[in-house]
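Source file: coords_33.cif. Holds: mmCIF, C-alpha atoms; chains and numbers go by the auth columns.
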```
data_query
loop_
_atom_site.group_PDB
_atom_site.id
_atom_site.type_symbol
_atom_site.label_atom_id
_atom_site.label_comp_id
_atom_site.label_asym_id
_atom_site.label_seq_id
_atom_site.Cartn_x
_atom_site.Cartn_y
_atom_site.Cartn_z
_atom_site.B_iso_or_equiv
_atom_site.auth_seq_id
_atom_site.auth_asym_id
ATOM 1 C CA ARG A 1 4.968 -18.573 -7.124 0.00 1 W
ATOM 2 C CA LYS A 2 4.206 -15.090 -5.833 0.00 2 W
ATOM 3 C CA GLU A 3 0.801 -14.612 -4.246 0.00 3 W
ATOM 4 C CA VAL A 4 0.022 -11.678 -6.520 0.00 4 W
ATOM 5 C CA GLU A 5 1.823 -11.315 -9.829 0.00 5 W
ATOM 6 C CA GLN A 6 1.942 -8.406 -12.208 0.00 6 W
ATOM 7 C CA ASP A 7 3.948 -7.571 -15.288 0.00 7 W
ATOM 8 C CA PRO A 8 6.315 -4.855 -14.035 0.00 8 W
ATOM 9 C CA GLY A 9 6.400 -3.108 -17.404 0.00 9 W
ATOM 10 C CA PRO A 10 7.212 -0.364 -18.075 0.00 10 W
ATOM 11 C CA PHE A 11 4.349 0.311 -20.404 0.00 11 W
ATOM 12 C CA ASN A 12 5.076 3.320 -22.595 0.00 12 W
ATOM 13 C CA VAL A 13 2.012 4.561 -24.423 0.00 13 W
ATOM 14 C CA PRO A 14 1.064 7.756 -26.241 0.00 14 W
ATOM 15 C CA GLU A 15 -1.627 10.061 -24.945 0.00 15 W
ATOM 16 C CA GLY A 16 -5.053 8.857 -25.894 0.00 16 W
ATOM 17 C CA ALA A 17 -4.075 5.200 -26.053 0.00 17 W
ATOM 18 C CA THR A 18 -5.916 2.392 -24.334 0.00 18 W
ATOM 19 C CA VAL A 19 -3.803 0.250 -22.057 0.00 19 W
ATOM 20 C CA ALA A 20 -4.617 -2.887 -20.072 0.00 20 W
ATOM 21 C CA PHE A 21 -2.916 -4.423 -17.086 0.00 21 W
ATOM 22 C CA ASN A 22 -3.424 -7.925 -15.818 0.00 22 W
ATOM 23 C CA CYS A 23 -2.763 -9.416 -12.435 0.00 23 W
ATOM 24 C CA THR A 24 -2.983 -13.005 -11.228 0.00 24 W
ATOM 25 C CA TYR A 25 -3.421 -14.245 -7.678 0.00 25 W
ATOM 26 C CA SER A 26 -2.699 -17.646 -6.232 0.00 26 W
ATOM 27 C CA ASN A 27 -5.111 -17.946 -3.313 0.00 27 W
ATOM 28 C CA SER A 28 -8.506 -19.107 -4.521 0.00 28 W
ATOM 29 C CA ALA A 29 -9.989 -18.023 -1.172 0.00 29 W
ATOM 30 C CA SER A 30 -9.275 -14.368 -1.948 0.00 30 W
ATOM 31 C CA GLN A 31 -12.325 -12.225 -1.352 0.00 31 W
ATOM 32 C CA SER A 32 -11.504 -8.593 -2.016 0.00 32 W
ATOM 33 C CA PHE A 33 -9.613 -7.028 -4.859 0.00 33 W
ATOM 34 C CA PHE A 34 -8.345 -3.530 -5.474 0.00 34 W
ATOM 35 C CA TRP A 35 -6.277 -1.433 -7.811 0.00 35 W
ATOM 36 C CA TYR A 36 -4.120 1.278 -6.283 0.00 36 W
ATOM 37 C CA ARG A 37 -1.886 3.786 -8.004 0.00 37 W
ATOM 38 C CA GLN A 38 1.352 5.052 -6.594 0.00 38 W
ATOM 39 C CA ASP A 39 3.158 8.109 -7.858 0.00 39 W
ATOM 40 C CA CYS A 40 6.894 8.406 -7.437 0.00 40 W
ATOM 41 C CA ARG A 41 7.836 9.016 -3.806 0.00 41 W
ATOM 42 C CA LYS A 42 4.202 9.149 -2.692 0.00 42 W
ATOM 43 C CA GLU A 43 1.876 6.847 -0.802 0.00 43 W
ATOM 44 C CA PRO A 44 -0.436 4.428 -2.661 0.00 44 W
ATOM 45 C CA LYS A 45 -3.904 5.771 -3.363 0.00 45 W
ATOM 46 C CA LEU A 46 -6.979 3.678 -3.956 0.00 46 W
ATOM 47 C CA LEU A 47 -7.980 3.774 -7.609 0.00 47 W
ATOM 48 C CA MET A 48 -10.895 1.387 -7.440 0.00 48 W
ATOM 49 C CA SER A 49 -12.222 -1.751 -5.841 0.00 49 W
ATOM 50 C CA VAL A 50 -12.861 -4.653 -8.185 0.00 50 W
ATOM 51 C CA TYR A 51 -16.247 -6.347 -8.085 0.00 51 W
ATOM 52 C CA SER A 52 -17.247 -9.725 -9.441 0.00 52 W
ATOM 53 C CA SER A 53 -19.499 -8.213 -12.079 0.00 53 W
ATOM 54 C CA GLY A 54 -16.812 -5.790 -13.206 0.00 54 W
ATOM 55 C CA ASN A 55 -16.999 -2.081 -12.633 0.00 55 W
ATOM 56 C CA GLU A 56 -16.216 1.153 -14.364 0.00 56 W
ATOM 57 C CA ASP A 57 -15.181 4.546 -13.090 0.00 57 W
ATOM 58 C CA GLY A 58 -14.833 7.067 -15.868 0.00 58 W
ATOM 59 C CA ARG A 59 -11.952 5.980 -18.101 0.00 59 W
ATOM 60 C CA PHE A 60 -11.071 3.062 -15.834 0.00 60 W
ATOM 61 C CA THR A 61 -12.620 -0.391 -16.027 0.00 61 W
ATOM 62 C CA ALA A 62 -11.802 -3.255 -13.695 0.00 62 W
ATOM 63 C CA GLN A 63 -12.661 -6.893 -14.283 0.00 63 W
ATOM 64 C CA LEU A 64 -12.393 -9.960 -12.087 0.00 64 W
ATOM 65 C CA ASN A 65 -12.187 -13.524 -13.343 0.00 65 W
ATOM 66 C CA ARG A 66 -12.432 -15.829 -10.338 0.00 66 W
ATOM 67 C CA ALA A 67 -12.187 -19.033 -12.367 0.00 67 W
ATOM 68 C CA SER A 68 -8.847 -18.003 -13.822 0.00 68 W
ATOM 69 C CA GLN A 69 -7.849 -15.988 -10.764 0.00 69 W
ATOM 70 C CA TYR A 70 -6.970 -12.831 -12.536 0.00 70 W
ATOM 71 C CA ILE A 71 -7.889 -9.189 -12.341 0.00 71 W
ATOM 72 C CA SER A 72 -7.564 -6.609 -15.061 0.00 72 W
ATOM 73 C CA LEU A 73 -7.503 -2.849 -15.304 0.00 73 W
ATOM 74 C CA LEU A 74 -8.273 -1.035 -18.535 0.00 74 W
ATOM 75 C CA ILE A 75 -7.452 2.626 -18.975 0.00 75 W
ATOM 76 C CA ARG A 76 -9.016 4.371 -21.941 0.00 76 W
ATOM 77 C CA ASP A 77 -7.944 7.668 -23.474 0.00 77 W
ATOM 78 C CA SER A 78 -4.721 7.781 -21.446 0.00 78 W
ATOM 79 C CA LYS A 79 -3.675 11.127 -19.991 0.00 79 W
ATOM 80 C CA LEU A 80 -0.208 12.272 -19.073 0.00 80 W
ATOM 81 C CA SER A 81 -1.386 12.329 -15.464 0.00 81 W
ATOM 82 C CA ASP A 82 -2.061 8.591 -15.601 0.00 82 W
ATOM 83 C CA SER A 83 1.700 7.977 -15.493 0.00 83 W
ATOM 84 C CA ALA A 84 2.281 6.057 -12.278 0.00 84 W
ATOM 85 C CA THR A 85 2.756 2.582 -10.885 0.00 85 W
ATOM 86 C CA TYR A 86 -0.438 0.540 -10.690 0.00 86 W
ATOM 87 C CA LEU A 87 -0.630 -1.936 -7.846 0.00 87 W
ATOM 88 C CA CYS A 88 -2.863 -4.987 -7.801 0.00 88 W
ATOM 89 C CA VAL A 89 -4.000 -5.836 -4.284 0.00 89 W
ATOM 90 C CA VAL A 90 -5.818 -8.869 -2.921 0.00 90 W
ATOM 91 C CA ARG A 91 -7.276 -9.765 0.456 0.00 91 W
ATOM 92 C CA ALA A 92 -7.796 -13.432 1.322 0.00 92 W
ATOM 93 C CA GLY A 93 -10.934 -14.352 3.216 0.00 93 W
ATOM 94 C CA ASN A 94 -11.436 -12.671 6.546 0.00 94 W
ATOM 95 C CA ASN A 95 -7.811 -11.752 6.891 0.00 95 W
ATOM 96 C CA ARG A 96 -7.565 -7.986 6.870 0.00 96 W
ATOM 97 C CA LYS A 97 -4.002 -8.110 5.612 0.00 97 W
ATOM 98 C CA LEU A 98 -3.598 -7.069 2.004 0.00 98 W
ATOM 99 C CA ILE A 99 -1.299 -8.867 -0.411 0.00 99 W
ATOM 100 C CA TRP A 100 0.398 -6.493 -2.837 0.00 100 W
ATOM 101 C CA GLY A 101 1.683 -7.038 -6.318 0.00 101 W
ATOM 102 C CA LEU A 102 4.979 -5.438 -7.231 0.00 102 W
ATOM 103 C CA GLY A 103 3.212 -2.980 -9.499 0.00 103 W
ATOM 104 C CA THR A 104 3.105 -2.167 -13.183 0.00 104 W
ATOM 105 C CA SER A 105 4.784 1.007 -14.318 0.00 105 W
ATOM 106 C CA LEU A 106 2.938 3.154 -16.850 0.00 106 W
ATOM 107 C CA ALA A 107 4.403 6.107 -18.705 0.00 107 W
ATOM 108 C CA VAL A 108 2.047 8.106 -20.895 0.00 108 W
ATOM 109 C CA ASN A 109 3.959 10.170 -23.419 0.00 109 W
ATOM 110 C CA PRO A 110 2.884 13.335 -25.211 0.00 110 W
ATOM 111 C CA GLY B 1 -12.917 8.989 1.221 0.00 3 N
ATOM 112 C CA ALA B 2 -11.281 8.109 4.511 0.00 4 N
ATOM 113 C CA VAL B 3 -8.395 10.297 5.596 0.00 5 N
ATOM 114 C CA VAL B 4 -5.260 9.095 7.310 0.00 6 N
ATOM 115 C CA SER B 5 -2.575 11.459 8.489 0.00 7 N
ATOM 116 C CA GLN B 6 1.010 10.687 9.373 0.00 8 N
ATOM 117 C CA HIS B 7 3.581 12.719 11.192 0.00 9 N
ATOM 118 C CA PRO B 8 6.332 13.672 10.688 0.00 10 N
ATOM 119 C CA SER B 9 6.694 13.603 6.926 0.00 11 N
ATOM 120 C CA TRP B 10 10.493 13.827 7.069 0.00 12 N
ATOM 121 C CA VAL B 11 13.025 12.795 9.682 0.00 13 N
ATOM 122 C CA ILE B 12 16.780 13.096 9.495 0.00 14 N
ATOM 123 C CA CYS B 13 18.581 11.767 12.526 0.00 15 N
ATOM 124 C CA LYS B 14 21.905 10.454 13.753 0.00 16 N
ATOM 125 C CA SER B 15 22.611 6.778 14.089 0.00 17 N
ATOM 126 C CA GLY B 16 21.492 5.448 17.466 0.00 18 N
ATOM 127 C CA THR B 17 18.541 7.815 17.813 0.00 19 N
ATOM 128 C CA SER B 18 15.012 6.553 18.303 0.00 20 N
ATOM 129 C CA VAL B 19 12.363 7.954 15.995 0.00 21 N
ATOM 130 C CA LYS B 20 8.615 7.973 16.624 0.00 22 N
ATOM 131 C CA ILE B 21 6.105 8.129 13.778 0.00 23 N
ATOM 132 C CA GLU B 22 2.412 8.786 14.363 0.00 24 N
ATOM 133 C CA CYS B 23 -0.475 7.559 12.252 0.00 25 N
ATOM 134 C CA ARG B 24 -3.977 8.915 12.756 0.00 26 N
ATOM 135 C CA SER B 25 -7.307 8.107 11.198 0.00 27 N
ATOM 136 C CA LEU B 26 -9.009 11.495 10.998 0.00 28 N
ATOM 137 C CA ASP B 27 -12.606 10.739 10.126 0.00 29 N
ATOM 138 C CA PHE B 28 -13.101 7.142 11.174 0.00 30 N
ATOM 139 C CA GLN B 29 -12.142 4.717 13.879 0.00 31 N
ATOM 140 C CA ALA B 30 -9.693 1.958 13.111 0.00 32 N
ATOM 141 C CA THR B 31 -9.251 -1.045 15.351 0.00 33 N
ATOM 142 C CA THR B 32 -6.495 -2.169 13.018 0.00 34 N
ATOM 143 C CA MET B 33 -3.783 -0.174 11.317 0.00 35 N
ATOM 144 C CA PHE B 34 -0.927 -1.398 9.206 0.00 36 N
ATOM 145 C CA TRP B 35 2.693 -0.310 8.983 0.00 37 N
ATOM 146 C CA TYR B 36 4.608 -0.699 5.746 0.00 38 N
ATOM 147 C CA ARG B 37 8.106 0.083 4.618 0.00 39 N
ATOM 148 C CA GLN B 38 9.215 0.775 1.071 0.00 40 N
ATOM 149 C CA PHE B 39 12.761 1.013 -0.215 0.00 41 N
ATOM 150 C CA PRO B 40 13.471 2.894 -3.461 0.00 42 N
ATOM 151 C CA LYS B 41 12.115 1.148 -6.539 0.00 43 N
ATOM 152 C CA GLN B 42 10.810 -1.740 -4.467 0.00 44 N
ATOM 153 C CA SER B 43 7.303 -2.773 -3.525 0.00 45 N
ATOM 154 C CA LEU B 44 5.550 -2.095 -0.270 0.00 46 N
ATOM 155 C CA MET B 45 6.537 -4.462 2.493 0.00 47 N
ATOM 156 C CA LEU B 46 4.133 -5.027 5.360 0.00 48 N
ATOM 157 C CA MET B 47 5.989 -4.774 8.641 0.00 49 N
ATOM 158 C CA ALA B 48 3.259 -5.270 11.182 0.00 50 N
ATOM 159 C CA THR B 49 -0.420 -5.108 11.938 0.00 51 N
ATOM 160 C CA SER B 50 -1.280 -2.776 14.785 0.00 52 N
ATOM 161 C CA ASN B 51 -4.241 -3.805 16.922 0.00 53 N
ATOM 162 C CA GLU B 52 -5.976 -1.378 19.248 0.00 54 N
ATOM 163 C CA GLY B 53 -5.644 -2.461 22.834 0.00 55 N
ATOM 164 C CA SER B 54 -3.460 -5.478 22.151 0.00 56 N
ATOM 165 C CA LYS B 55 -0.054 -6.434 20.863 0.00 57 N
ATOM 166 C CA ALA B 56 0.927 -5.844 17.289 0.00 58 N
ATOM 167 C CA THR B 57 1.403 -8.742 14.913 0.00 59 N
ATOM 168 C CA TYR B 58 4.769 -8.613 13.192 0.00 60 N
ATOM 169 C CA GLU B 59 5.645 -10.088 9.829 0.00 61 N
ATOM 170 C CA GLN B 60 8.388 -12.640 9.572 0.00 62 N
ATOM 171 C CA GLY B 61 11.806 -11.075 9.708 0.00 63 N
ATOM 172 C CA VAL B 62 10.677 -7.836 11.360 0.00 64 N
ATOM 173 C CA GLU B 63 12.211 -7.314 14.796 0.00 65 N
ATOM 174 C CA LYS B 64 9.525 -6.377 17.283 0.00 66 N
ATOM 175 C CA ASP B 65 12.042 -4.944 19.734 0.00 67 N
ATOM 176 C CA LYS B 66 13.433 -2.691 17.038 0.00 68 N
ATOM 177 C CA PHE B 67 10.112 -1.489 15.681 0.00 69 N
ATOM 178 C CA LEU B 68 7.855 -0.772 18.631 0.00 70 N
ATOM 179 C CA ILE B 69 4.185 -0.333 17.859 0.00 71 N
ATOM 180 C CA ASN B 70 1.612 1.159 20.171 0.00 72 N
ATOM 181 C CA HIS B 71 -2.056 1.407 19.209 0.00 73 N
ATOM 182 C CA ALA B 72 -3.426 3.231 22.208 0.00 74 N
ATOM 183 C CA SER B 73 -6.691 4.491 20.754 0.00 75 N
ATOM 184 C CA LEU B 74 -9.057 3.853 17.877 0.00 76 N
ATOM 185 C CA THR B 75 -7.535 6.700 15.896 0.00 77 N
ATOM 186 C CA LEU B 76 -3.839 6.582 16.714 0.00 78 N
ATOM 187 C CA SER B 77 -1.034 4.120 16.171 0.00 79 N
ATOM 188 C CA THR B 78 2.641 4.893 16.659 0.00 80 N
ATOM 189 C CA LEU B 79 5.743 3.224 15.285 0.00 81 N
ATOM 190 C CA THR B 80 9.014 3.810 17.082 0.00 82 N
ATOM 191 C CA VAL B 81 12.221 2.877 15.314 0.00 83 N
ATOM 192 C CA THR B 82 14.600 2.284 18.196 0.00 84 N
ATOM 193 C CA SER B 83 18.330 2.899 17.879 0.00 85 N
ATOM 194 C CA ALA B 84 17.999 3.686 14.200 0.00 86 N
ATOM 195 C CA HIS B 85 20.849 2.818 11.853 0.00 87 N
ATOM 196 C CA PRO B 86 21.492 3.878 8.266 0.00 88 N
ATOM 197 C CA GLU B 87 19.968 0.636 6.956 0.00 89 N
ATOM 198 C CA ASP B 88 16.677 1.683 8.567 0.00 90 N
ATOM 199 C CA SER B 89 16.489 4.638 6.188 0.00 91 N
ATOM 200 C CA SER B 90 13.327 4.092 4.206 0.00 92 N
ATOM 201 C CA PHE B 91 9.828 5.329 3.440 0.00 93 N
ATOM 202 C CA TYR B 92 7.470 4.268 6.239 0.00 94 N
ATOM 203 C CA ILE B 93 3.754 4.324 5.475 0.00 95 N
ATOM 204 C CA CYS B 94 0.758 3.485 7.610 0.00 96 N
ATOM 205 C CA SER B 95 -2.713 2.526 6.488 0.00 97 N
ATOM 206 C CA ALA B 96 -6.112 1.951 8.030 0.00 98 N
ATOM 207 C CA ALA B 97 -9.512 0.778 6.876 0.00 99 N
ATOM 208 C CA PRO B 98 -12.906 2.099 8.003 0.00 100 N
ATOM 209 C CA GLY B 99 -14.515 -1.315 7.719 0.00 101 N
ATOM 210 C CA LEU B 100 -13.624 -4.962 7.992 0.00 102 N
ATOM 211 C CA ALA B 101 -13.483 -5.831 4.314 0.00 103 N
ATOM 212 C CA GLY B 102 -12.961 -2.546 2.564 0.00 104 N
ATOM 213 C CA ALA B 103 -9.941 -0.907 1.042 0.00 105 N
ATOM 214 C CA GLN B 104 -7.133 0.516 3.115 0.00 106 N
ATOM 215 C CA TYR B 105 -6.302 4.180 3.040 0.00 107 N
ATOM 216 C CA PHE B 106 -2.767 5.351 3.422 0.00 108 N
ATOM 217 C CA GLY B 107 -1.108 8.144 5.276 0.00 109 N
ATOM 218 C CA PRO B 108 1.269 10.335 3.257 0.00 110 N
ATOM 219 C CA GLY B 109 4.276 8.459 4.591 0.00 111 N
ATOM 220 C CA THR B 110 7.380 9.356 6.551 0.00 112 N
ATOM 221 C CA ARG B 111 10.804 9.489 4.941 0.00 113 N
ATOM 222 C CA LEU B 112 13.463 8.494 7.430 0.00 114 N
ATOM 223 C CA LEU B 113 17.109 9.197 6.770 0.00 115 N
ATOM 224 C CA VAL B 114 19.574 7.945 9.343 0.00 116 N
ATOM 225 C CA LEU B 115 23.043 9.397 9.052 0.00 117 N
#
```
Representation of the structure as structure tokens:
Amino acid sequence: RKEVEQDPGPFNVPEGATVAFNCTYSNSASQSFFWYRQDCRKEPKLLMSVYSSGNEDGRFTAQLNRASQYISLLIRDSKLSDSATYLCVVRAGNNRKLIWGLGTSLAVNP
Amino acid sequence: GAVVSQHPSWVICKSGTSVKIECRSLDFQATTMFWYRQFPKQSLMLMATSNEGSKATYEQGVEKDKFLINHASLTLSTLTVTSAHPEDSSFYICSAAPGLAGAQYFGPGTRLLVL
């Protein structure tokens, strides 16, 4: 089993749609969780950290379920510019190394 | 947010050449930096963890004599691809984190093409 698993997609949605991505992790000792986005041929960029109580940043909402070991990302009112690959990232304990999911591809269509 | 720069952004070289890539944290100090490689349509692969003032920690399967890492200061790490071959052609990206438990911030990456 992969340490961090994501549905690769692609998710094709129309503008304005709401889309949700899930990610599961295998190490119950994981302490920090993040969502990054990566555009084609570019470096990953931090979208948001994920906190235990859940957090929201504009149209983006992240949730963490420690009991089930999954993380979610909800994007509301999708924009064309949201088209990218969304990477679920986990850090276990005090280890500074990040464990990366393979990413979920999102295409927002006009 | 934290800014990481990387240089050069593009390298095209002949087989057998050594290529040096620099990674700098511009507005914070980083005792640890990370070097990744990404092939087209594949996920990021961590190559090594660069530690300031000590030896880098390499991931399994990554040749330390081929990919030399030097982390000489709190804001600079370098990756040297020695005797590059066409199979080393890839997108090399570095990252660093301002704190111990926070997110990592990435440089813009270096595209290496070995002919």
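Comparing the minimum interatomic distances between Val13 in chain W and each of W:Leu74, W:Ile99, W:Leu80, W:Ala29, counting all atoms listed in the file, we find that W:Leu80 sits nearest.
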- Item | Counting all atoms listed in the file, the option among N:Lys43, N:His9, N:His87, N:His73 closest to chain W | N:Lys43
- For chain N, which residues have at least one atom within 12 Å of chain W, if we go by only C-alpha atoms? Write them as number ranges by chain, please. N: 3-8, 11, 32-53, 59-61, 92-113
- Task: Would you mind listing what lies within 8 Å of Lys79 in chain W as a PyMOL selection string, with all atoms listed in the file counted and same-chain residues fewer than 4 positions away left out?
- Result: chain W and resi 15-16+83+108
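Computed from the coordinates, the CA of Gly63 in chain N to CA of Ser85 in chain N distance equals 17.5 Å.
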- Two-atom distance - CA of Ser72 in chain W, CA of Phe21 in chain W (Å): 5.5 Å
- Answer key for the PyMOL selection byres ((chain W and resi 20) around 12), residues as an NGL selection string: :W and (6-7 or 9 or 11-13 or 17-19 or 21-23 or 59-63 or 71-78 or 86 or 104-106)
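Our summary of the geometry notes that CA of Asn109 in chain W is positioned 9.8 Å from CA of Ser81 in chain W.
Evaluated against the shown file, the PyMOL selection byres ((chain W and resi 24) around 6) gives Val4, Glu5, Cys23, Tyr25, Gln69 and Tyr70 of chain W.
Minimum atom-to-atom distances from N:Ala86, N:Leu28, N:Leu114, N:Ile23 to Asn72 in chain N were compared using only C-alpha atoms, and the lowest value belongs to N:Ile23.
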